[in-house]
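Colleague: What follows is work_15.pdb, made up of PDB, C-alpha atoms:
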```pdb
ATOM      1  CA  MET A  10      26.382   5.260  45.261
ATOM      2  CA  LYS A  11      25.376   1.682  45.902
ATOM      3  CA  LEU A  12      28.484  -0.413  46.586
ATOM      4  CA  ASN A  13      27.247  -3.402  48.516
ATOM      5  CA  ARG A  14      24.300  -5.790  48.309
ATOM      6  CA  LEU A  15      23.932  -6.337  52.054
ATOM      7  CA  LYS A  16      20.292  -5.227  52.179
ATOM      8  CA  LYS A  17      19.298  -7.668  49.428
ATOM      9  CA  VAL A  18      21.346 -10.530  50.860
ATOM     10  CA  PHE A  19      20.151  -9.957  54.444
ATOM     11  CA  ASP A  20      16.538  -9.746  53.241
ATOM     12  CA  ASP A  21      16.901 -12.911  51.146
ATOM     13  CA  GLN A  22      18.495 -14.782  54.062
ATOM     14  CA  LYS A  23      16.014 -13.268  56.542
ATOM     15  CA  ILE A  24      18.879 -12.178  58.765
ATOM     16  CA  LYS A  25      18.538  -9.295  61.195
ATOM     17  CA  ASN A  26      21.119  -6.576  61.773
ATOM     18  CA  ARG A  27      21.266  -7.732  65.392
ATOM     19  CA  VAL A  28      22.648 -11.146  64.375
ATOM     20  CA  ILE A  29      25.407  -9.612  62.268
ATOM     21  CA  ALA A  30      26.172  -7.059  65.002
ATOM     22  CA  VAL A  31      26.584  -9.722  67.683
ATOM     23  CA  TYR A  32      28.669 -11.943  65.392
ATOM     24  CA  LEU A  33      31.045  -9.108  64.459
ATOM     25  CA  GLY A  34      30.990  -7.291  67.802
ATOM     26  CA  LYS A  35      29.574  -4.151  66.181
ATOM     27  CA  SER A  36      26.565  -1.993  66.990
ATOM     28  CA  GLU A  37      23.278  -2.511  65.199
ATOM     29  CA  SER A  38      23.507   1.075  63.979
ATOM     30  CA  THR A  39      26.829   0.311  62.259
ATOM     31  CA  ILE A  40      25.277  -2.686  60.523
ATOM     32  CA  SER A  41      22.333  -0.506  59.497
ATOM     33  CA  LEU A  42      24.733   2.015  57.909
ATOM     34  CA  TRP A  43      26.380  -0.809  55.967
ATOM     35  CA  ARG A  44      23.046  -2.317  54.969
ATOM     36  CA  ASN A  45      21.857   1.035  53.605
ATOM     37  CA  ASN A  46      25.139   1.831  51.804
ATOM     38  CA  LYS A  47      25.838   4.848  54.018
ATOM     39  CA  ARG A  48      29.164   3.284  55.046
ATOM     40  CA  GLN A  49      31.033   0.189  53.955
ATOM     41  CA  PRO A  50      32.473  -2.692  55.944
ATOM     42  CA  ASN A  51      36.165  -3.345  55.457
ATOM     43  CA  LEU A  52      37.327  -6.420  53.561
ATOM     44  CA  GLU A  53      37.726  -8.524  56.710
ATOM     45  CA  GLU A  54      34.169  -7.641  57.773
ATOM     46  CA  PHE A  55      32.825  -8.567  54.327
ATOM     47  CA  TYR A  56      34.700 -11.864  54.657
ATOM     48  CA  GLN A  57      33.231 -12.548  58.108
ATOM     49  CA  ILE A  58      29.699 -11.785  56.897
ATOM     50  CA  ALA A  59      30.148 -14.117  53.910
ATOM     51  CA  LYS A  60      31.514 -16.797  56.224
ATOM     52  CA  LEU A  61      28.558 -16.460  58.616
ATOM     53  CA  LEU A  62      26.042 -16.640  55.768
ATOM     54  CA  ARG A  63      28.021 -19.370  53.971
ATOM     55  CA  ILE A  64      28.042 -17.469  50.688
ATOM     56  CA  ASN A  65      30.690 -16.245  48.298
ATOM     57  CA  ILE A  66      32.041 -12.828  49.317
ATOM     58  CA  HIS A  67      31.362 -11.590  45.773
ATOM     59  CA  SER A  68      27.646 -11.967  46.475
ATOM     60  CA  LEU A  69      27.912  -9.093  48.959
ATOM     61  CA  ILE A  70      29.280  -6.549  46.500
ATOM     62  CA  GLU A  71      27.479  -4.813  43.644
ATOM     63  CA  PRO A  72      28.744  -6.094  40.283
ATOM     64  CA  THR A  73      30.463  -3.726  37.905
ATOM     65  CA  ASN A  74      29.811  -3.435  34.202
ATOM     66  CA  TRP A  75      32.967  -1.847  32.886
ATOM     67  CA  LYS A  76      32.036  -2.199  29.220
ATOM     68  CA  ASP A  77      29.284   0.379  29.815
ATOM     69  CA  GLU A  78      31.647   2.666  31.731
ATOM     70  CA  THR A  79      32.325   5.993  30.056
ATOM     71  CA  SER A  80      35.087   7.284  32.318
ATOM     72  CA  GLU A  81      38.544   8.012  31.016
ATOM     73  CA  THR A  82      41.040   5.230  30.424
ATOM     74  CA  TYR A  83      44.234   4.931  32.413
ATOM     75  CA  GLU A  84      46.203   6.234  29.448
ATOM     76  CA  GLU A  85      43.983   9.342  29.133
ATOM     77  CA  LEU A  86      44.300  10.075  32.844
ATOM     78  CA  ALA A  87      48.082   9.557  32.782
ATOM     79  CA  LYS A  88      48.424  11.976  29.847
ATOM     80  CA  LYS A  89      46.330  14.624  31.662
ATOM     81  CA  TYR A  90      48.461  14.192  34.776
ATOM     82  CA  GLN A  91      51.667  14.516  32.758
ATOM     83  CA  ASP A  92      50.359  17.604  30.914
ATOM     84  CA  LYS A  93      49.356  19.213  34.206
ATOM     85  CA  LYS A  94      52.721  18.373  35.765
ATOM     86  CA  ASN A  95      54.572  19.957  32.818
ATOM     87  CA  ASN A  96      52.600  23.238  33.007
TER      88      ASN A  96
END
```
Could you express the structure from this file as structure tokens?

Modeller:
Amino acid sequence: MKLNRLKKVFDDQKIKNRVIAVYLGKSESTISLWRNNKRQPNLEEFYQIAKLLRINIHSLIEPTNWKDETSETYEELAKKYQDKKNN
């Protein structure tokens, strides 16, 4: 599942993993995992990356399109939970 846009943003800004790694005090392999959506930075790390690149933090995260989402609503999930709890 693609959660972040780090690869696109880093490519657009022509920034190397090494620069981000040094700035955050992380290994280049950690940054590579983030860049390739194998792992995710925490919120503070996203904030620091956005600050370094002087961009809005939202630019680093894949947008959602909830109107196209077909998963169950909160009410449907709550009813299932209640039914399961009562059985």

Colleague: Report, in Å with one decimal, the straight-line distance from atom CA of A:Leu61 to atom CA of A:Val31.

Modeller: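 Atom CA of A:Val31 lies 11.5 Å from atom CA of A:Leu61.
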
Colleague: Rounded to one decimal in Å, what is the spacing between atom CA of A:Asn46 and atom CA of A:Leu69?

Modeller: 11.6 Å

Colleague: Pull out every residue that the PyMOL selection byres ((chain A and resi 45) around 12) matches in the shown coordinates and put them as a ChimeraX atom specification.

Modeller: /A:10-19,26,38-44,46-50

Colleague: Any idea what's packed within 12 Å of A:Leu52, counting all atoms listed in the file, ignoring anything in its chain fewer than 4 positions away? Could you give it as number ranges by chain?

Modeller: A: 13, 56-59, 66-67, 69-70

Colleague: Report the distance between atom CA of A:Asp21 and atom CA of A:Asn74 in Å, rounded to one decimal place.

Modeller: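 Atom CA of A:Asp21 sits 23.3 Å away from atom CA of A:Asn74.
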
Colleague: Kindly list the centre and edge lengths in Å, rounded to one decimal, for the axis-aligned box that covers all listed atoms of stretch 21-26 of chain A plus 6 Å on each of its six sides, as lines of an AutoDock Vina configuration file.

Modeller:
```
center_x = 18.6
center_y = -10.7
center_z = 56.5
size_x = 17.1
size_y = 20.2
size_z = 22.6
```
